[in-house]
>>> print(open('upload.pdb').read())   # PDB, C-alpha atoms
ATOM      1  CA  HIS A   1      -4.735   6.355 -16.956
ATOM      2  CA  MET A   2      -4.980   5.912 -13.197
ATOM      3  CA  CYS A   3      -8.588   5.822 -11.974
ATOM      4  CA  GLY A   4      -8.138   8.427  -9.256
ATOM      5  CA  GLU A   5      -6.225  10.923 -11.417
ATOM      6  CA  LEU A   6      -8.947  11.638 -13.993
ATOM      7  CA  ARG A   7     -10.279  15.208 -13.802
ATOM      8  CA  LEU A   8     -12.484  17.614 -15.714
ATOM      9  CA  GLU A   9      -9.551  18.773 -17.864
ATOM     10  CA  HIS A  10      -9.300  15.228 -19.276
ATOM     11  CA  ALA A  11     -12.926  15.288 -20.521
ATOM     12  CA  GLY A  12     -13.253  14.343 -24.187
ATOM     13  CA  GLN A  13     -10.352  11.899 -24.105
ATOM     14  CA  THR A  14     -10.666   8.178 -24.746
ATOM     15  CA  VAL A  15      -9.210   6.510 -21.673
ATOM     16  CA  THR A  16      -8.397   2.993 -20.493
ATOM     17  CA  VAL A  17      -8.400   2.201 -16.781
ATOM     18  CA  ASN A  18      -7.684  -1.004 -14.858
ATOM     19  CA  GLY A  19      -8.601  -1.796 -11.286
ATOM     20  CA  TRP A  20     -10.779  -3.512  -8.730
ATOM     21  CA  VAL A  21     -14.554  -3.208  -8.865
ATOM     22  CA  ASP A  22     -15.390  -1.192  -5.754
ATOM     23  CA  ARG A  23     -19.187  -1.083  -6.125
ATOM     24  CA  VAL A  24     -21.859  -1.832  -8.718
ATOM     25  CA  ARG A  25     -25.176   0.041  -8.934
ATOM     26  CA  ASP A  26     -27.968  -0.976 -11.309
ATOM     27  CA  ASN A  27     -30.413   1.838 -12.060
ATOM     28  CA  GLY A  28     -32.662  -0.203 -14.316
ATOM     29  CA  GLY A  29     -30.995  -0.263 -17.727
ATOM     30  CA  VAL A  30     -28.076   1.948 -16.707
ATOM     31  CA  LEU A  31     -25.312   0.358 -14.668
ATOM     32  CA  PHE A  32     -22.710   2.316 -12.708
ATOM     33  CA  LEU A  33     -19.473   0.483 -11.990
ATOM     34  CA  LEU A  34     -17.049   2.190  -9.584
ATOM     35  CA  LEU A  35     -13.499   1.151 -10.418
ATOM     36  CA  ARG A  36     -10.674   1.518  -7.871
ATOM     37  CA  ASP A  37      -6.884   1.524  -8.077
ATOM     38  CA  ARG A  38      -4.206   2.897  -5.725
ATOM     39  CA  ALA A  39      -4.878   6.455  -6.972
ATOM     40  CA  GLY A  40      -8.613   6.452  -6.216
ATOM     41  CA  ILE A  41     -12.034   5.660  -7.691
ATOM     42  CA  VAL A  42     -13.756   6.594 -10.948
ATOM     43  CA  GLN A  43     -17.289   5.863 -12.176
ATOM     44  CA  CYS A  44     -17.854   3.867 -15.376
ATOM     45  CA  THR A  45     -21.330   3.966 -16.967
ATOM     46  CA  PHE A  46     -22.925   1.199 -19.063
ATOM     47  CA  ASP A  47     -26.205   1.878 -20.900
ATOM     48  CA  LYS A  48     -28.179  -1.198 -21.954
ATOM     49  CA  SER A  49     -30.005   0.712 -24.700
ATOM     50  CA  VAL A  50     -26.669   1.643 -26.310
ATOM     51  CA  ASN A  51     -24.829  -1.694 -26.029
ATOM     52  CA  ALA A  52     -26.727  -4.583 -24.432
ATOM     53  CA  ASP A  53     -23.804  -7.057 -24.737
ATOM     54  CA  LEU A  54     -21.450  -4.705 -22.922
ATOM     55  CA  PHE A  55     -24.072  -4.101 -20.244
ATOM     56  CA  ASP A  56     -24.518  -7.835 -19.709
ATOM     57  CA  ILE A  57     -20.767  -8.348 -19.180
ATOM     58  CA  ALA A  58     -20.615  -5.482 -16.691
ATOM     59  CA  PHE A  59     -23.707  -6.834 -14.925
ATOM     60  CA  THR A  60     -21.795 -10.042 -14.057
ATOM     61  CA  CYS A  61     -19.069  -8.071 -12.240
ATOM     62  CA  ARG A  62     -18.950  -8.213  -8.456
ATOM     63  CA  THR A  63     -16.819  -6.388  -5.902
ATOM     64  CA  GLU A  64     -13.063  -7.026  -6.177
ATOM     65  CA  PHE A  65     -13.263  -8.358  -9.739
ATOM     66  CA  VAL A  66     -10.271  -6.976 -11.658
ATOM     67  CA  VAL A  67     -11.410  -5.383 -14.905
ATOM     68  CA  ALA A  68     -10.176  -3.138 -17.708
ATOM     69  CA  VAL A  69     -12.585  -0.494 -19.018
ATOM     70  CA  LYS A  70     -12.136   1.637 -22.138
ATOM     71  CA  GLY A  71     -14.365   4.565 -22.968
ATOM     72  CA  LYS A  72     -14.827   8.290 -23.415
ATOM     73  CA  LEU A  73     -14.397  10.504 -20.369
ATOM     74  CA  VAL A  74     -17.224  13.033 -20.115
ATOM     75  CA  ALA A  75     -18.272  15.733 -17.664
ATOM     76  CA  ARG A  76     -21.185  14.774 -15.434
ATOM     77  CA  ASP A  77     -24.401  16.765 -15.376
ATOM     78  CA  ALA A  78     -24.431  19.369 -12.609
ATOM     79  CA  ALA A  79     -27.036  17.375 -10.646
ATOM     80  CA  ALA A  80     -24.913  14.213 -10.841
ATOM     81  CA  ILE A  81     -21.621  15.678  -9.564
ATOM     82  CA  ASN A  82     -20.311  13.824  -6.510
ATOM     83  CA  LYS A  83     -18.323  16.303  -4.405
ATOM     84  CA  LYS A  84     -17.155  13.519  -2.066
ATOM     85  CA  MET A  85     -14.985  12.023  -4.826
ATOM     86  CA  PRO A  86     -11.964  13.768  -6.391
ATOM     87  CA  THR A  87     -13.164  12.306  -9.723
ATOM     88  CA  GLY A  88     -16.775  13.243  -8.997
ATOM     89  CA  GLU A  89     -17.074  15.707 -11.888
ATOM     90  CA  VAL A  90     -16.419  13.104 -14.596
ATOM     91  CA  GLU A  91     -17.419   9.594 -15.611
ATOM     92  CA  ILE A  92     -16.346   7.099 -18.253
ATOM     93  CA  ILE A  93     -18.962   6.189 -20.864
ATOM     94  CA  ALA A  94     -17.825   2.617 -21.419
ATOM     95  CA  GLU A  95     -17.099   1.333 -24.923
ATOM     96  CA  ASP A  96     -15.368  -1.896 -23.912
ATOM     97  CA  ILE A  97     -14.805  -4.001 -20.797
ATOM     98  CA  ARG A  98     -12.589  -6.995 -20.092
ATOM     99  CA  ILE A  99     -12.773  -9.090 -16.942
ATOM    100  CA  LEU A 100      -9.123  -9.787 -16.099
ATOM    101  CA  SER A 101      -9.726 -11.756 -12.895
ATOM    102  CA  LYS A 102     -12.836 -12.863 -11.055
ATOM    103  CA  ALA A 103     -13.050 -12.833  -7.251
ATOM    104  CA  GLU A 104     -14.936 -14.753  -4.619
ATOM    105  CA  THR A 105     -16.954 -12.879  -2.016
ATOM    106  CA  THR A 106     -14.434 -11.300   0.343
ATOM    107  CA  PRO A 107     -14.598 -12.038   4.112
ATOM    108  CA  PHE A 108     -14.981  -8.301   4.779
ATOM    109  CA  GLU A 109     -15.685  -5.195   2.735
ATOM    110  CA  ILE A 110     -12.730  -3.203   1.429
ATOM    111  CA  ASP A 111     -14.041  -0.101   3.151
ATOM    112  CA  ASP A 112     -12.537   2.142   5.819
ATOM    113  CA  THR A 113     -15.930   2.801   7.394
ATOM    114  CA  LYS A 114     -16.485  -0.859   8.316
ATOM    115  CA  GLU A 115     -15.062  -2.211  11.585
ATOM    116  CA  VAL A 116     -13.075  -5.423  11.100
ATOM    117  CA  GLY A 117     -11.349  -7.468  13.840
ATOM    118  CA  ASP A 118      -7.556  -7.585  13.907
ATOM    119  CA  GLN A 119      -7.402 -11.374  13.580
ATOM    120  CA  ILE A 120      -9.342 -11.457  10.309
ATOM    121  CA  ARG A 121      -7.435  -8.419   9.017
ATOM    122  CA  LEU A 122      -4.133 -10.227   9.594
ATOM    123  CA  LYS A 123      -5.402 -13.495   8.123
ATOM    124  CA  TYR A 124      -6.405 -11.692   4.914
ATOM    125  CA  ARG A 125      -3.612  -9.129   4.981
ATOM    126  CA  TYR A 126      -3.585  -8.747   1.196
ATOM    127  CA  LEU A 127      -7.204  -7.575   1.350
ATOM    128  CA  ASP A 128      -6.641  -5.325   4.370
ATOM    129  CA  LEU A 129      -3.802  -3.566   2.530
ATOM    130  CA  ARG A 130      -6.179  -2.686  -0.308
ATOM    131  CA  ARG A 131      -8.147  -0.360   1.982
ATOM    132  CA  PRO A 132      -7.568   3.363   1.232
ATOM    133  CA  SER A 133      -6.319   4.103   4.769
ATOM    134  CA  MET A 134      -3.678   1.356   4.557
ATOM    135  CA  GLN A 135      -2.605   2.482   1.084
ATOM    136  CA  TYR A 136      -2.283   6.003   2.506
ATOM    137  CA  ASN A 137      -0.133   4.788   5.408
ATOM    138  CA  LEU A 138       2.252   2.946   3.083
ATOM    139  CA  LYS A 139       2.553   5.976   0.790
ATOM    140  CA  LEU A 140       3.076   8.319   3.761
ATOM    141  CA  ARG A 141       5.904   6.139   5.093
ATOM    142  CA  SER A 142       7.500   6.063   1.644
ATOM    143  CA  ASP A 143       7.268   9.854   1.374
ATOM    144  CA  MET A 144       8.801  10.241   4.848
ATOM    145  CA  ALA A 145      11.784   8.050   3.927
ATOM    146  CA  LYS A 146      12.237   9.944   0.659
ATOM    147  CA  ALA A 147      12.176  13.313   2.439
ATOM    148  CA  ALA A 148      14.640  12.115   5.095
ATOM    149  CA  ARG A 149      17.063  10.806   2.460
ATOM    150  CA  HIS A 150      16.934  14.035   0.449
ATOM    151  CA  ALA A 151      17.438  16.216   3.535
ATOM    152  CA  LEU A 152      20.334  14.167   4.903
ATOM    153  CA  GLU A 153      22.079  13.836   1.549
ATOM    154  CA  ASP A 154      21.863  17.622   1.115
ATOM    155  CA  MET A 155      23.763  17.857   4.423
ATOM    156  CA  ASP A 156      26.476  15.514   3.090
ATOM    157  CA  PHE A 157      25.403  12.406   5.032
ATOM    158  CA  THR A 158      26.313   8.979   3.610
ATOM    159  CA  GLU A 159      23.790   6.148   3.738
ATOM    160  CA  VAL A 160      25.482   2.925   4.908
ATOM    161  CA  GLU A 161      23.674  -0.405   5.212
ATOM    162  CA  THR A 162      25.074  -2.284   8.217
ATOM    163  CA  PRO A 163      24.994  -6.104   8.658
ATOM    164  CA  THR A 164      21.922  -7.874  10.036
ATOM    165  CA  PHE A 165      23.843 -10.926  11.338
ATOM    166  CA  ILE A 166      26.235  -9.795  14.073
ATOM    167  CA  LYS A 167      27.792 -10.998  17.312
ATOM    168  CA  SER A 168      25.510 -10.860  20.350
ATOM    169  CA  THR A 169      26.046  -7.686  22.388
ATOM    170  CA  PRO A 170      24.994  -6.966  25.991
ATOM    171  CA  GLU A 171      22.103  -4.507  25.843
ATOM    172  CA  GLY A 172      18.820  -3.856  27.600
ATOM    173  CA  ALA A 173      16.697  -6.476  25.834
ATOM    174  CA  ARG A 174      17.320 -10.078  24.760
ATOM    175  CA  ASP A 175      18.665 -10.763  21.300
ATOM    176  CA  PHE A 176      16.971 -12.814  18.637
ATOM    177  CA  VAL A 177      19.463 -15.499  17.652
ATOM    178  CA  VAL A 178      19.905 -17.390  14.363
ATOM    179  CA  PRO A 179      21.804 -20.716  14.165
ATOM    180  CA  ALA A 180      24.839 -20.794  11.869
ATOM    181  CA  ARG A 181      24.542 -23.939   9.716
ATOM    182  CA  LEU A 182      28.207 -23.918   8.674
ATOM    183  CA  VAL A 183      29.418 -23.710  12.292
ATOM    184  CA  PRO A 184      27.241 -26.073  14.383
ATOM    185  CA  GLY A 185      26.641 -24.804  17.899
ATOM    186  CA  SER A 186      27.327 -21.191  16.927
ATOM    187  CA  TRP A 187      24.745 -18.439  16.539
ATOM    188  CA  TYR A 188      24.318 -15.064  14.987
ATOM    189  CA  ALA A 189      22.335 -12.349  16.772
ATOM    190  CA  LEU A 190      19.992  -9.892  15.066
ATOM    191  CA  PRO A 191      20.939  -6.315  16.020
ATOM    192  CA  GLN A 192      18.849  -4.463  18.595
ATOM    193  CA  SER A 193      20.270  -1.280  17.058
ATOM    194  CA  PRO A 194      23.257  -0.430  14.816
ATOM    195  CA  GLN A 195      25.074   1.229  17.742
ATOM    196  CA  LEU A 196      28.391  -0.678  17.620
ATOM    197  CA  LEU A 197      28.474  -0.668  13.837
ATOM    198  CA  LYS A 198      27.761   3.056  13.828
ATOM    199  CA  GLN A 199      30.682   3.635  16.214
ATOM    200  CA  LEU A 200      32.895   1.579  13.887
ATOM    201  CA  LEU A 201      31.924   3.870  10.992
ATOM    202  CA  MET A 202      32.697   6.972  13.044
ATOM    203  CA  VAL A 203      36.197   5.697  13.858
ATOM    204  CA  SER A 204      36.645   4.775  10.170
ATOM    205  CA  GLY A 205      36.096   8.385   9.080
ATOM    206  CA  VAL A 206      32.510   8.186   7.842
ATOM    207  CA  GLU A 207      31.806  11.497   9.529
ATOM    208  CA  ARG A 208      28.104  11.718   8.708
ATOM    209  CA  TYR A 209      26.249   8.418   8.552
ATOM    210  CA  TYR A 210      22.572   7.459   8.357
ATOM    211  CA  GLN A 211      20.322   4.563   7.467
ATOM    212  CA  LEU A 212      16.770   3.328   7.837
ATOM    213  CA  ALA A 213      17.806   0.449  10.089
ATOM    214  CA  ARG A 214      15.850  -2.679  10.994
ATOM    215  CA  CYS A 215      16.098  -3.469  14.708
ATOM    216  CA  TYR A 216      15.085  -6.612  16.623
ATOM    217  CA  ARG A 217      14.398  -7.013  20.345
ATOM    218  CA  ASP A 218      13.130 -10.216  21.952
ATOM    219  CA  GLU A 219      11.058  -8.589  24.665
ATOM    220  CA  ASP A 220       7.484  -8.536  25.910
ATOM    221  CA  PHE A 221       4.873  -6.707  23.870
ATOM    222  CA  ARG A 222       3.985  -3.164  24.809
ATOM    223  CA  ALA A 223       1.616  -0.634  23.307
ATOM    224  CA  ASP A 224       4.440   1.048  21.398
ATOM    225  CA  ARG A 225       6.857  -1.833  20.905
ATOM    226  CA  GLN A 226       6.980  -4.930  18.728
ATOM    227  CA  PRO A 227       9.743  -7.507  18.076
ATOM    228  CA  GLU A 228      10.999  -5.780  14.927
ATOM    229  CA  PHE A 229      10.858  -2.149  13.911
ATOM    230  CA  THR A 230      12.633   0.463  11.795
ATOM    231  CA  GLN A 231      14.476   3.490  13.089
ATOM    232  CA  LEU A 232      16.074   6.405  11.288
ATOM    233  CA  ASP A 233      19.594   6.021  12.664
ATOM    234  CA  MET A 234      22.264   8.717  12.243
ATOM    235  CA  GLU A 235      25.507   9.978  13.707
TER
END
>>> encode(input="upload.pdb", output="structure tokens")
Amino acid sequence: HMCGELRLEHAGQTVTVNGWVDRVRDNGGVLFLLLRDRAGIVQCTFDKSVNADLFDIAFTCRTEFVVAVKGKLVARDAAAINKKMPTGEVEIIAEDIRILSKAETTPFEIDDTKEVGDQIRLKYRYLDLRRPSMQYNLKLRSDMAKAARHALEDMDFTEVETPTFIKSTPEGARDFVVPARLVPGSWYALPQSPQLLKQLLMVSGVERYYQLARCYRDEDFRADRQPEFTQLDME
């Protein structure tokens, strides 16, 4: 099961979940381990009076450890329901835990509420991308591309992938150039847009064309512009 997809209707099932340890709370003999994957967070409960060995293993877990937890999914008591979590009505009463990978203390918390400087976010990009807001952005972009493809294909458009290495063309910005090893002194240019290639397709009879095209422009940074970007290109 995915951590974030467990709901009240799954109560009574024996489930196995894998993910990162998001938080650990020790309530004196009862330990709550919040486990996170790309779908969300679920609470796993370890009771020392029921299984001391299992409790001791869970007690060694720290944030960002990767663990697998098996147990019975049960409905929480009314007073313990967490309405801020989609999985807040249930918890896993752990019957087994395996530590798949330990983690050192991270340079910043994997938490959207904490402010982190851009330089450290970029240095530890793999940690930054674990944050829920970044996971959401990636999924949203994927959904947008999927919706665009479905809509355009329903209108009889053909997706054509155009070359990345082309001849330099006079446009508004400077080209990025790539040396051609097999022809010393010659260079390829990276396309600022697929404009010429798109025109070639039109003349060739590809009457409805589209692609999610990578574009490259060697120009100064602006608030809304970077050296490489993607555009939904169509004709």
>>> atom_distance(input="upload.pdb", atom1="CA of Met202 (chain A)", atom2="CA of Met234 (chain A)")
10.6 Å
>>> closest_residue(input="upload.pdb", among="A:Arg121, A:Arg214, A:Arg62, A:Arg208", to="Ser193 (chain A)", atoms="all atoms listed in the file")
A:Arg214
>>> resolve_selection(input="upload.pdb", expression="the PyMOL selection byres ((chain A and resi 27-37) around 8)", output="PDB file with C-alpha atoms, in the coordinates of the input")
ATOM      1  CA  MET A   2      -4.980   5.912 -13.197  1.00  0.00           C
ATOM      2  CA  CYS A   3      -8.588   5.822 -11.974  1.00  0.00           C
ATOM      3  CA  GLY A   4      -8.138   8.427  -9.256  1.00  0.00           C
ATOM      4  CA  ASN A  18      -7.684  -1.004 -14.858  1.00  0.00           C
ATOM      5  CA  GLY A  19      -8.601  -1.796 -11.286  1.00  0.00           C
ATOM      6  CA  TRP A  20     -10.779  -3.512  -8.730  1.00  0.00           C
ATOM      7  CA  VAL A  21     -14.554  -3.208  -8.865  1.00  0.00           C
ATOM      8  CA  ASP A  22     -15.390  -1.192  -5.754  1.00  0.00           C
ATOM      9  CA  ARG A  23     -19.187  -1.083  -6.125  1.00  0.00           C
ATOM     10  CA  VAL A  24     -21.859  -1.832  -8.718  1.00  0.00           C
ATOM     11  CA  ARG A  25     -25.176   0.041  -8.934  1.00  0.00           C
ATOM     12  CA  ASP A  26     -27.968  -0.976 -11.309  1.00  0.00           C
ATOM     13  CA  ARG A  38      -4.206   2.897  -5.725  1.00  0.00           C
ATOM     14  CA  ALA A  39      -4.878   6.455  -6.972  1.00  0.00           C
ATOM     15  CA  GLY A  40      -8.613   6.452  -6.216  1.00  0.00           C
ATOM     16  CA  ILE A  41     -12.034   5.660  -7.691  1.00  0.00           C
ATOM     17  CA  VAL A  42     -13.756   6.594 -10.948  1.00  0.00           C
ATOM     18  CA  GLN A  43     -17.289   5.863 -12.176  1.00  0.00           C
ATOM     19  CA  CYS A  44     -17.854   3.867 -15.376  1.00  0.00           C
ATOM     20  CA  THR A  45     -21.330   3.966 -16.967  1.00  0.00           C
ATOM     21  CA  PHE A  46     -22.925   1.199 -19.063  1.00  0.00           C
ATOM     22  CA  ASP A  47     -26.205   1.878 -20.900  1.00  0.00           C
ATOM     23  CA  LYS A  48     -28.179  -1.198 -21.954  1.00  0.00           C
ATOM     24  CA  SER A  49     -30.005   0.712 -24.700  1.00  0.00           C
ATOM     25  CA  PHE A  55     -24.072  -4.101 -20.244  1.00  0.00           C
ATOM     26  CA  ALA A  58     -20.615  -5.482 -16.691  1.00  0.00           C
ATOM     27  CA  PHE A  59     -23.707  -6.834 -14.925  1.00  0.00           C
TER      28      PHE A  59
END
>>> closest_residue(input="upload.pdb", among="A:Leu196, A:Ala213, A:Ala68, A:Ala79", to="His1 (chain A)", atoms="all atoms listed in the file")
A:Ala68
>>> residues_around(input="upload.pdb", residues="Gly88 (chain A)", least_positions_apart="2", cutoff="10 Å", atoms="only C-alpha atoms", output="list of chain:residue names")
A:Gly4, A:Leu6, A:Arg7, A:Leu8, A:Ile41, A:Val42, A:Gln43, A:Ala75, A:Arg76, A:Ala80, A:Ile81, A:Asn82, A:Lys83, A:Lys84, A:Met85, A:Pro86, A:Val90, A:Glu91
>>> atom_distance(input="upload.pdb", atom1="CA of Gly71 (chain A)", atom2="CA of Asp111 (chain A)")
26.5 Å
>>> closest_residue(input="upload.pdb", among="A:Arg217, A:Lys114, A:Glu64, A:Leu200", to="Gly172 (chain A)", atoms="only C-alpha atoms")
A:Arg217
>>> closest_residue(input="upload.pdb", among="A:Glu153, A:Glu161, A:Glu228, A:Glu9", to="Phe176 (chain A)", atoms="only C-alpha atoms")
A:Glu228
>>> resolve_selection(input="upload.pdb", expression="the PyMOL selection byres ((chain A and resi 152) around 12)", output="PyMOL selection string")
chain A and resi 145-151+153-159+208-212+232-235
>>> decode(input="upload.pdb", residues="region 60-141 of chain A", atoms="C-alpha atoms", output="short mmCIF file (atom, residue, chain, number, x, y, z; two decimals), in the first residue's frame")
data_model
loop_
_atom_site.label_atom_id
_atom_site.label_comp_id
_atom_site.auth_asym_id
_atom_site.auth_seq_id
_atom_site.Cartn_x
_atom_site.Cartn_y
_atom_site.Cartn_z
CA THR A 60 16.41 3.79 16.87
CA CYS A 61 14.76 5.31 13.78
CA ARG A 62 15.44 8.95 12.97
CA THR A 63 14.03 11.28 10.33
CA GLU A 64 14.67 10.21 6.71
CA PHE A 65 15.48 6.60 7.62
CA VAL A 66 13.88 4.36 4.99
CA VAL A 67 11.82 1.64 6.64
CA ALA A 68 9.22 -1.01 5.86
CA VAL A 69 6.38 -1.46 8.36
CA LYS A 70 3.83 -4.29 8.42
CA GLY A 71 0.79 -4.27 10.64
CA LYS A 72 -2.97 -4.11 11.03
CA LEU A 73 -4.72 -0.92 9.95
CA VAL A 74 -7.23 0.21 12.58
CA ALA A 75 -9.56 3.16 13.05
CA ARG A 76 -8.33 5.75 15.53
CA ASP A 77 -10.34 6.69 18.60
CA ALA A 78 -12.52 9.74 18.01
CA ALA A 79 -10.30 11.87 20.29
CA ALA A 80 -7.17 10.84 18.37
CA ILE A 81 -8.40 11.66 14.84
CA ASN A 82 -6.11 14.13 13.06
CA LYS A 83 -8.24 16.14 10.62
CA LYS A 84 -5.13 17.81 9.15
CA MET A 85 -4.02 14.51 7.59
CA PRO A 86 -5.93 12.66 4.84
CA THR A 87 -4.97 9.44 6.70
CA GLY A 88 -5.84 10.96 10.07
CA GLU A 89 -8.70 8.55 10.80
CA VAL A 90 -6.50 5.43 10.77
CA GLU A 91 -3.18 4.15 12.08
CA ILE A 92 -1.08 1.04 11.61
CA ILE A 93 -0.58 -1.13 14.70
CA ALA A 94 2.89 -2.38 13.83
CA GLU A 95 3.67 -6.10 13.82
CA ASP A 96 7.03 -5.89 12.06
CA ILE A 97 9.57 -3.26 11.01
CA ARG A 98 12.66 -3.40 8.83
CA ILE A 99 15.18 -0.59 8.51
CA LEU A 100 16.04 -0.56 4.79
CA SER A 101 18.44 2.40 4.87
CA LYS A 102 19.75 4.63 7.63
CA ALA A 103 20.26 8.37 7.13
CA GLU A 104 22.51 11.02 8.57
CA THR A 105 21.00 14.19 10.00
CA THR A 106 19.81 16.22 7.02
CA PRO A 107 21.08 19.82 6.52
CA PHE A 108 17.47 21.05 6.62
CA GLU A 109 14.09 19.63 7.57
CA ILE A 110 11.98 18.07 4.83
CA ASP A 111 9.13 20.42 5.67
CA ASP A 112 7.31 23.04 3.61
CA THR A 113 6.84 25.30 6.62
CA LYS A 114 10.59 25.80 7.14
CA GLU A 115 12.41 28.52 5.20
CA VAL A 116 15.55 27.24 3.46
CA GLY A 117 17.98 29.29 1.34
CA ASP A 118 18.16 28.62 -2.39
CA GLN A 119 21.87 27.75 -2.33
CA ILE A 120 21.46 24.93 0.18
CA ARG A 121 18.29 23.73 -1.57
CA LEU A 122 20.21 23.42 -4.85
CA LYS A 123 23.21 21.78 -3.20
CA TYR A 124 20.96 19.10 -1.69
CA ARG A 125 18.47 18.99 -4.55
CA TYR A 126 17.55 15.35 -3.89
CA LEU A 127 16.36 16.35 -0.41
CA ASP A 128 14.58 19.49 -1.61
CA LEU A 129 12.61 17.41 -4.13
CA ARG A 130 11.30 15.22 -1.30
CA ARG A 131 9.30 18.13 0.11
CA PRO A 132 5.52 17.81 -0.47
CA SER A 133 5.31 21.11 -2.38
CA MET A 134 8.03 20.03 -4.82
CA GLN A 135 6.44 16.60 -5.28
CA TYR A 136 3.16 18.41 -6.00
CA ASN A 137 4.80 20.66 -8.60
CA LEU A 138 6.33 17.69 -10.44
CA LYS A 139 3.00 15.82 -10.43
CA LEU A 140 1.12 18.94 -11.59
CA ARG A 141 3.50 19.40 -14.52
#
